[in-house]
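Below you'll find the structure, written out as structure tokens, and then a few comments.
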Amino acid sequence: MNKTSQILTEISKVTRQIQEDYPELQKYLDETRSTLPKPDNDATMEKELQEYLDGLKAMIKKYKEGH
């Protein structure tokens with residue numbers, strides 16, 4: 001499995017976690033997803049996907065700290 005596929009798998013897991021455990025955060029999923037630019041090459045795509053994944057994880061962490 002290549003790096004991009006691994007990141008996409010992780011994004012799916014974190015998104016599912018948000019849907020199941022933190023449904024109140026779901027409203028932010030579409031907003032954050034729409035900020036992903038259209039990459040012009042694979043390296044850019046991987047970087048942008050990793051940043052998106054990191055953002056999802058940060059959102060969960062921040063939410064947990066506040067509750």
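All residue names refer to the structure tokens as shown: chains lettered A, B, ... in order, residues numbered from 1 in each chain, ligands numbered from 1 in order.
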
All residues 12 Å or closer to range 8-20 of chain A, only C-alpha atoms, same chain fewer than 4 positions away omitted, as a VMD selection string: chain A and resid 1 to 4 24 to 30 32 to 33 45 to 61 63 to 64

Please produce an output containing N, CA and C atoms for each residue in the selection, written as a short mmCIF file (atom, residue, chain, number, x, y, z; two decimals), in the first residue's frame.
```
data_model
loop_
_atom_site.label_atom_id
_atom_site.label_comp_id
_atom_site.auth_asym_id
_atom_site.auth_seq_id
_atom_site.Cartn_x
_atom_site.Cartn_y
_atom_site.Cartn_z
N MET A 1 0.85 -1.17 0.00
CA MET A 1 0.00 0.00 0.00
C MET A 1 0.90 1.24 0.00
N ASN A 2 0.63 2.16 -0.91
CA ASN A 2 1.47 3.35 -0.97
C ASN A 2 1.04 4.36 0.08
N LYS A 3 1.84 5.39 0.25
CA LYS A 3 1.61 6.40 1.29
C LYS A 3 0.26 7.09 1.14
N THR A 4 -0.10 7.46 -0.08
CA THR A 4 -1.38 8.13 -0.32
C THR A 4 -2.54 7.24 0.10
N GLU A 24 -21.51 15.83 16.76
CA GLU A 24 -21.64 17.27 16.76
C GLU A 24 -20.53 17.94 15.94
N LEU A 25 -19.48 17.22 15.61
CA LEU A 25 -18.39 17.75 14.80
C LEU A 25 -18.61 17.51 13.30
N GLN A 26 -19.60 16.72 12.95
CA GLN A 26 -19.83 16.39 11.55
C GLN A 26 -20.03 17.61 10.67
N LYS A 27 -20.62 18.65 11.22
CA LYS A 27 -20.87 19.85 10.42
C LYS A 27 -19.57 20.46 9.90
N TYR A 28 -18.45 20.16 10.55
CA TYR A 28 -17.17 20.72 10.12
C TYR A 28 -16.49 19.88 9.05
N LEU A 29 -16.97 18.65 8.84
CA LEU A 29 -16.32 17.77 7.86
C LEU A 29 -16.42 18.33 6.44
N ASP A 30 -17.59 18.74 6.03
CA ASP A 30 -17.74 19.29 4.68
C ASP A 30 -16.93 20.56 4.51
N THR A 32 -14.11 21.43 6.09
CA THR A 32 -12.69 21.16 5.98
C THR A 32 -12.36 20.45 4.67
N ARG A 33 -13.26 19.60 4.22
CA ARG A 33 -13.03 18.87 2.97
C ARG A 33 -13.01 19.84 1.78
N MET A 45 -0.54 16.08 -3.61
CA MET A 45 -1.74 15.41 -3.12
C MET A 45 -1.46 14.77 -1.76
N GLU A 46 -0.35 14.07 -1.66
CA GLU A 46 0.00 13.41 -0.41
C GLU A 46 0.15 14.43 0.72
N LYS A 47 0.80 15.52 0.44
CA LYS A 47 1.01 16.57 1.44
C LYS A 47 -0.33 17.16 1.88
N GLU A 48 -1.20 17.47 0.93
CA GLU A 48 -2.50 18.05 1.26
C GLU A 48 -3.38 17.08 2.03
N LEU A 49 -3.35 15.81 1.65
CA LEU A 49 -4.13 14.81 2.37
C LEU A 49 -3.62 14.65 3.80
N GLN A 50 -2.31 14.68 3.97
CA GLN A 50 -1.73 14.56 5.31
C GLN A 50 -2.14 15.76 6.17
N GLU A 51 -2.13 16.94 5.58
CA GLU A 51 -2.55 18.13 6.32
C GLU A 51 -4.04 18.04 6.70
N TYR A 52 -4.85 17.52 5.80
CA TYR A 52 -6.28 17.33 6.09
C TYR A 52 -6.46 16.35 7.25
N LEU A 53 -5.74 15.23 7.19
CA LEU A 53 -5.80 14.23 8.26
C LEU A 53 -5.36 14.83 9.58
N ASP A 54 -4.27 15.56 9.56
CA ASP A 54 -3.78 16.20 10.78
C ASP A 54 -4.82 17.18 11.34
N GLY A 55 -5.51 17.88 10.45
CA GLY A 55 -6.56 18.81 10.87
C GLY A 55 -7.72 18.10 11.53
N LEU A 56 -8.12 16.95 10.98
CA LEU A 56 -9.19 16.16 11.58
C LEU A 56 -8.81 15.69 12.98
N LYS A 57 -7.59 15.21 13.10
CA LYS A 57 -7.12 14.73 14.40
C LYS A 57 -7.05 15.88 15.40
N ALA A 58 -6.60 17.04 14.95
CA ALA A 58 -6.52 18.21 15.82
C ALA A 58 -7.90 18.65 16.28
N MET A 59 -8.88 18.57 15.38
CA MET A 59 -10.25 18.94 15.72
C MET A 59 -10.78 18.04 16.84
N ILE A 60 -10.53 16.74 16.74
CA ILE A 60 -10.96 15.80 17.78
C ILE A 60 -10.25 16.11 19.10
N LYS A 61 -8.96 16.33 19.02
CA LYS A 61 -8.18 16.60 20.23
C LYS A 61 -8.67 17.86 20.92
N TYR A 63 -11.60 19.24 20.67
CA TYR A 63 -12.95 18.99 21.19
C TYR A 63 -12.86 18.23 22.53
N LYS A 64 -12.03 17.20 22.57
CA LYS A 64 -11.88 16.41 23.80
C LYS A 64 -11.39 17.27 24.95
#
```

Residue list (helix (DSSP H, G or I), DSSP) for chain A, as an MDAnalysis selection string: chainID A and resid 3:21 23:25 27:33 42:66
